[in-house]
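Peer 1: Below is one structure. I have some questions about it.
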Amino acid sequence: MDYSLEVQQRFHSPQGAGEIAEGTPGLATGEAEDRTLNVWIRVQVQIVGTVIRSVRFRVFGCPHMLAAAGWVAEALQGRERNALRELDMHEIRKTLDAPLEKLGKLLVLEDALQACWRAHDVPAQGQKGI
Amino acid sequence: MTKRTVYLDYAATTPVDPVVAAAMRECLEPDGNFANPSSSHSVGQRARRRVEEARAQIAARVGVPAETISFTSGATESDNLAIQGVLLAHRDRGRHLITSRTEHKAVLDTAEAMEKQGFEVTYLSGDSEGLITPDQVADAIKDDTTLVAIMHVNNETGVVQDIAAIGECCRSREVLLHVDAAQSIGKVPVPLDQWAVDLVALTAHKAYGPKGIGALYVRPGTKLAPLLHGGQQEGGVRPGTLATHQIVGMGQAYELADAEREAPALAALRDRLWAGLSAIEGVRLNGHPTQRSPHVLNVAFPGVDGESLRLGIAEIAVSAGAACNSTAAEASHVLSALGLSDALAGSSQRFSVGRFTDTAEIDYVVERVTAEVARLRELAGGAPAWCVT
């Protein structure tokens with residue numbers, strides 16, 4: 001399979017790979033998987049007020065998933081928390097020049113981001129957020 | 001570490017040996033044996049002699065008379081010709097084919113096509129190491145079975161089937177046996193004079209010959225319906241102008257391909273590779289630990305996506321155990337038949353060594369794969385159990 005330069009660079013040097021320490025204030029974690037596609041991803045975000053301060057991820061998946069996770073981690077930094085549910089995977093696929101058949105995997109990433117947003121929604125209602 | 005290109009995909013195809021290339025070139029140029037070997041003039045007859053010499057070289061490699069070898073475009077065509085040709089020629093006697101789930105697609109897709117034409121196919125499942133036993137074959141044979149198609153060396157795992165025993169079983173039940181031996185030549189002996197087989201598919205490009213040429217061994221007296229019509233070449237079984245240079249290349253390649261001479265070196269390289277890779281936590285060997293060809297090593301790397309591993313070691317040419325670019329991560333049908341989960345099958349890589357592989361390359365591959373597996377596992381830290389089992 002041919003990979004775009006951006007996918008290759010992000011695959012070999014993934015920005016945002018790793019974890020945010022448990023107990024970090026404003027931490028929200030979202031996980032998603034699709035066993036039929038052999039994909040699992042966990043996204044962690046730290047949200048201060050309504051702004052995303054940092055993003056980290058763990059991925060089991062193909063190079064496009066790794067590249068997309070890195071791209072998303074970079075894109076979300078400093079954005080309003082609602083960006084977690086507003087990123088368009090169709091656009092990200094085009095940006096990475098990923099083949100159409102990879103869209104299903106990228107939608108798993110979207111699921112993880114949505115789960116993150118929901119996870120943060122609870123503290124945002126006054127339980128344990130900052 | 002300085003990256004270097006390493007080719008470990010000899011089971012997919014091999015480079016043409018320089019000796020073979022020289023023999024082929026002699027058949028392409030104006031002062032060489034370029035003429036149509038079916039022409040009656042002296043230039044054509046010279047080419048004919050080269051074709052017949054090549055036929056004899058191929059026949060000698062597998063221990064059969066030269067006249068039992070017919071040239072085709074490769075093993076895929078040979079498999080098609082054998083399966084379709086036998087089933088169609090014997091359809092008044094029976095309409096049942098037996099094959100296995102771990103066959104090459106050239107056999108499986110042909111079997112499926114015959115099912116659509118009303119033939120019945122039984123697909124045998126081997127054991128967890130990929131072996132088909134003669135008893136399994138015997139149990140599956142019915143009154144209307146006309147053909148059994150079992151490959152010799154599996155192209156993904158390198159597992160070697162006991163064709164001698166399966167052949168005896170088929171012969172005792174008066175059922176024809178077709179064997180795909182595309183991977184065998186130069187790695188594992190193919191003593192057709194000692195086997196009770198009726199048809200055998202052969203190819204050149206897995207044995208340092210050119211692509212686009214293969215052969216079908218047909219035991220004398222075996223009824224076979226041709227797939228193509230248009231001439232009397234190859235006894236009418238496979239019409240079409242003979243590709244002299246390709247045939248000469250295949251003959252030369254088969255003359256060089258001495259399994260007894262080459263296998264020990266291949267096995268040493270494969271074992272060195274496995275010794276290095278098996279130090280990686282959790283890796284498993286796919287296929288049979290001993291009943292296998294010396295050139296193939298298929299390894300599962302739990303917790304690692306196979307496509308990512310291949311990109312991570314992109315300077316090393318290896319093959320997938322799975323087709324990773326499909327909509328669903330389609331697992332290798334061979335590894336699935338061995339009982340591997342989609343995740344394990346998807347993590348698997350086929351390494352195949354060859355005549356031009358050296359130990360420095362093997363050591364480099366071990367080092368690079370070990371590092372990349374560690375990196376990808378770190379990136380997938382905390383992944384659920386299904387990713388690693």
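Residues in the structure tokens are named by chain (A, B, ... in the order shown) and by number from 1 within that chain; ligands are numbered from 1 in the order shown.
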Could you please tell me, as a ChimeraX atom specification, which residues of chain A have an atom within 9 Å of chain B when using only C-alpha atoms?
Peer 2: /A:1,3,8,11-12,14,17-18,35-42,57-64,66,99-105
Peer 1: May I have the selected residues written with N, CA and C atoms, as a CSV table (one decimal), in the first residue's frame?
Peer 2:
```csv
chain,number,residue,atom,x,y,z
A,1,MET,N,0.8,-1.2,0.0
A,1,MET,CA,0.0,0.0,0.0
A,1,MET,C,0.9,1.2,0.0
A,3,TYR,N,1.6,5.1,1.0
A,3,TYR,CA,1.2,6.0,2.1
A,3,TYR,C,1.7,7.4,1.8
A,8,GLN,N,3.3,8.8,6.6
A,8,GLN,CA,4.5,8.2,6.9
A,8,GLN,C,5.2,9.0,8.0
A,11,PHE,N,3.3,8.5,11.2
A,11,PHE,CA,3.4,7.1,11.7
A,11,PHE,C,4.8,6.9,12.4
A,12,HIS,N,5.8,7.4,11.8
A,12,HIS,CA,7.1,7.2,12.4
A,12,HIS,C,7.4,8.1,13.6
A,14,PRO,N,4.9,9.8,15.9
A,14,PRO,CA,3.5,10.2,16.3
A,14,PRO,C,3.5,11.2,17.4
A,17,ALA,N,1.4,10.6,21.3
A,17,ALA,CA,1.3,9.3,21.8
A,17,ALA,C,1.7,9.2,23.3
A,18,GLY,N,0.9,8.5,24.0
A,18,GLY,CA,1.2,8.4,25.5
A,18,GLY,C,0.0,8.5,26.3
A,35,ARG,N,-13.7,-4.7,16.5
A,35,ARG,CA,-12.9,-5.9,16.4
A,35,ARG,C,-12.9,-6.4,15.0
A,36,THR,N,-13.9,-6.2,14.2
A,36,THR,CA,-13.9,-6.7,12.8
A,36,THR,C,-12.9,-5.9,12.0
A,37,LEU,N,-12.5,-4.7,12.5
A,37,LEU,CA,-11.5,-3.9,11.7
A,37,LEU,C,-10.2,-4.0,12.4
A,38,ASN,N,-10.1,-4.7,13.5
A,38,ASN,CA,-8.8,-4.8,14.3
A,38,ASN,C,-8.3,-3.4,14.7
A,39,VAL,N,-9.2,-2.6,15.3
A,39,VAL,CA,-8.8,-1.3,15.7
A,39,VAL,C,-9.3,-1.1,17.1
A,40,TRP,N,-8.4,-0.5,18.0
A,40,TRP,CA,-8.7,0.0,19.3
A,40,TRP,C,-8.0,1.3,19.5
A,41,ILE,N,-8.7,2.2,20.2
A,41,ILE,CA,-8.0,3.5,20.5
A,41,ILE,C,-8.5,4.1,21.8
A,42,ARG,N,-7.6,4.6,22.6
A,42,ARG,CA,-7.9,5.4,23.8
A,42,ARG,C,-7.4,6.8,23.6
A,57,PHE,N,-2.9,9.8,23.3
A,57,PHE,CA,-3.6,8.6,22.7
A,57,PHE,C,-2.8,7.4,22.8
A,58,ARG,N,-3.5,6.2,22.8
A,58,ARG,CA,-2.9,4.9,22.6
A,58,ARG,C,-3.7,4.3,21.4
A,59,VAL,N,-3.0,3.6,20.5
A,59,VAL,CA,-3.7,3.0,19.3
A,59,VAL,C,-3.1,1.6,19.1
A,60,PHE,N,-4.1,0.7,18.8
A,60,PHE,CA,-3.8,-0.6,18.2
A,60,PHE,C,-4.4,-0.5,16.8
A,61,GLY,N,-3.7,-0.4,15.8
A,61,GLY,CA,-4.3,-0.2,14.5
A,61,GLY,C,-3.3,0.0,13.4
A,62,CYS,N,-3.8,0.3,12.2
A,62,CYS,CA,-3.0,0.5,11.0
A,62,CYS,C,-2.3,1.9,11.0
A,63,PRO,N,-1.4,2.1,10.0
A,63,PRO,CA,-0.6,3.3,10.0
A,63,PRO,C,-1.6,4.5,9.9
A,64,HIS,N,-2.6,4.4,9.1
A,64,HIS,CA,-3.6,5.5,9.0
A,64,HIS,C,-4.2,5.9,10.3
A,66,LEU,N,-2.8,5.5,13.3
A,66,LEU,CA,-1.8,6.1,14.1
A,66,LEU,C,-1.6,7.6,13.6
A,99,PRO,N,-6.9,6.0,1.8
A,99,PRO,CA,-7.9,5.4,0.9
A,99,PRO,C,-9.3,5.3,1.6
A,100,LEU,N,-10.3,5.4,0.8
A,100,LEU,CA,-11.7,5.4,1.3
A,100,LEU,C,-12.0,4.3,2.2
A,101,GLU,N,-11.4,3.1,1.9
A,101,GLU,CA,-11.7,1.9,2.8
A,101,GLU,C,-11.2,2.1,4.2
A,102,LYS,N,-10.4,3.1,4.4
A,102,LYS,CA,-9.9,3.3,5.8
A,102,LYS,C,-10.9,4.2,6.6
A,103,LEU,N,-11.9,4.7,6.0
A,103,LEU,CA,-12.8,5.6,6.7
A,103,LEU,C,-13.5,4.9,7.9
A,104,GLY,N,-13.8,3.6,7.7
A,104,GLY,CA,-14.4,2.9,8.8
A,104,GLY,C,-13.5,2.9,10.1
A,105,LYS,N,-12.2,2.8,9.9
A,105,LYS,CA,-11.3,2.8,11.0
A,105,LYS,C,-11.3,4.2,11.6
```
Peer 1: Please provide the set of residues having any atom within 10 Å of B:Gln233, restricted to only C-alpha atoms, with same-chain residues fewer than 5 positions apart removed, written as number ranges by chain.
Peer 2: B: 37-38, 70-71, 238-242
Peer 1: Give me the residues within 9 Å of B:Ala82 as a PyMOL selection string, counting only C-alpha atoms and dropping any in the same chain fewer than 4 places off.
Peer 2: chain B and resi 77-78+86-87+178+199-201+216+218+224-225
Peer 1: Given only C-alpha atoms as the basis, pick out the residue of B:Asn155, B:Thr290, B:Gln252, B:Thr110 nearest to B:Ala11.
Peer 2: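 The answer is B:Asn155, which sits nearest to B:Ala11.
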Peer 1: Just asking: which residues within stretch 49-119 of chain A are helix (DSSP H, G or I) according to DSSP, as a PyMOL selection string?
Peer 2: chain A and resi 63-76+81-85+89-96+100-119
Peer 1: Considering only C-alpha atoms, return as a list in words whatever protein or nucleic-acid residues lie within 8 Å of B:Leu131, sequence-local ones (same chain, fewer than 4 positions apart) excluded.
Peer 2: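 The filter keeps Gly126, Asp127, Val159, Val160, Gln161 and His288 of chain B.
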Peer 1: Which residue gives the smallest distance to A:Ile20 among A:Ala75, A:Ile47, A:Val55, A:Leu87, with only C-alpha atoms counted?
Peer 2: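 Among the listed residues, the smallest separation from A:Ile20 belongs to A:Val55.
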Peer 1: When you count only C-alpha atoms, which of these residues is closest to A:Ser13: A:Val51, A:Arg56, A:Gly70, A:Glu33?
Peer 2: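 That would be A:Gly70, the residue with the smallest distance to A:Ser13.
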Peer 1: Restricting the calculation to only C-alpha atoms, which member of B:Cys169, B:Val179, B:Ile98, B:Ala279 is positioned closest to B:Asp79?
Peer 2: B:Val179
Peer 1: Taking only C-alpha atoms into account, which of B:Thr203, B:Ser336, B:Ser293, B:Thr359 comes nearest B:Ala75?
Peer 2: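 Checking each candidate against B:Ala75, we get B:Thr203 as the closest.
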Peer 1: Would you write out, as a Markdown table, a table of all residues in stretch 150-234 of chain B that have an atom no more than 9 Å from an atom of stretch 48-68 of chain B, listing for each the closest atom pair and the distance in Å to one decimal, considering only C-alpha atoms and ordering rows by chain and rising residue number?
Peer 2:
```
| residue | atom | partner | partner_atom | distance |
| --- | --- | --- | --- | --- |
| B:Ile185 | CA | B:Arg61 | CA | 8.3 |
| B:Pro189 | CA | B:Val62 | CA | 7.8 |
| B:Val190 | CA | B:Val62 | CA | 5.4 |
| B:Pro191 | CA | B:Val62 | CA | 5.3 |
| B:Leu192 | CA | B:Val62 | CA | 5.6 |
| B:Asp193 | CA | B:Gly63 | CA | 5.3 |
| B:Gln194 | CA | B:Gly63 | CA | 8.4 |
| B:Ala215 | CA | B:Ile58 | CA | 8.8 |
| B:Leu216 | CA | B:Thr68 | CA | 8.1 |
| B:Tyr217 | CA | B:Thr68 | CA | 5.5 |
| B:Val218 | CA | B:Thr68 | CA | 5.4 |
| B:Arg219 | CA | B:Thr68 | CA | 6.2 |
| B:Pro220 | CA | B:Thr68 | CA | 6.6 |
```
Peer 1: In Å to one decimal, how far is atom CA of B:Ala345 from atom CA of B:Pro15?
Peer 2: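 Rounded to one decimal, the two atoms are 27.8 Å apart.
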Peer 1: Taking only chain A into account, list the residues labelled strand (DSSP E or B) by DSSP (computed from the backbone), as a PyMOL selection string.
Peer 2: chain A and resi 17+27-34+39-48+51-60+80
Peer 1: Can you list, as a ChimeraX atom specification, every protein, DNA or RNA residue that comes within 10 Å of B:Leu176 when you count only C-alpha atoms, leaving out same-chain residues fewer than 2 positions away?
Peer 2: /B:86,97,145-149,167,170-171,173-174,178,196-199,219,222
Peer 1: May I have the selected residues written with C-alpha atoms, as an mmCIF file, in the first residue's frame?
Peer 2:
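Produced file selection.cif, reproduced below:
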```
data_model
loop_
_atom_site.group_PDB
_atom_site.id
_atom_site.type_symbol
_atom_site.label_atom_id
_atom_site.label_comp_id
_atom_site.auth_asym_id
_atom_site.auth_seq_id
_atom_site.Cartn_x
_atom_site.Cartn_y
_atom_site.Cartn_z
ATOM 1 C CA VAL B 86 -10.440 -33.078 -14.956
ATOM 2 C CA LEU B 97 -14.046 -32.352 -5.758
ATOM 3 C CA THR B 145 -15.497 -38.040 -6.254
ATOM 4 C CA THR B 146 -13.324 -37.537 -9.301
ATOM 5 C CA LEU B 147 -10.530 -35.315 -8.034
ATOM 6 C CA VAL B 148 -8.615 -34.400 -4.881
ATOM 7 C CA ALA B 149 -6.537 -31.180 -5.002
ATOM 8 C CA GLY B 167 -1.542 -40.128 -3.187
ATOM 9 C CA CYS B 170 -6.454 -41.528 -3.672
ATOM 10 C CA ARG B 171 -5.005 -44.205 -5.936
ATOM 11 C CA ARG B 173 -9.933 -45.362 -4.219
ATOM 12 C CA GLU B 174 -9.411 -44.669 -7.951
ATOM 13 C CA HIS B 178 -3.789 -32.860 -8.332
ATOM 14 C CA ALA B 196 0.828 -41.691 -6.901
ATOM 15 C CA VAL B 197 -0.152 -38.317 -8.330
ATOM 16 C CA ASP B 198 -1.938 -37.548 -11.573
ATOM 17 C CA LEU B 199 -1.451 -33.823 -12.098
ATOM 18 C CA ARG B 219 0.171 -38.609 -15.838
ATOM 19 C CA THR B 222 -5.328 -38.871 -17.569
#
```
Peer 1: For the atom pair atom CA of B:Tyr10 and atom CA of B:Arg292, what is the interatomic distance in Å to one decimal place?
Peer 2: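 Distance between the two atoms: 15.3 Å.
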Peer 1: In Å, with one decimal, what is the gap from atom CA of B:Ala314 to atom CA of A:Thr95?
Peer 2: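 A separation of 22.4 Å between them.
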Peer 1: Mind checking which residues fall within 12 Å of B:Asp109, counting only C-alpha atoms, ignoring those fewer than 2 positions away in the same chain, and posting them as a list in words?
Peer 2: Thr76, Glu77, Asp79, Asn80, Ile83, Gln84, Thr99, Ser100, Arg101, Thr102, Glu103, His104, Lys105, Ala106, Val107, Ala111, Glu112, Ala113, Met114, Glu115, Lys116 and Val121 of chain B
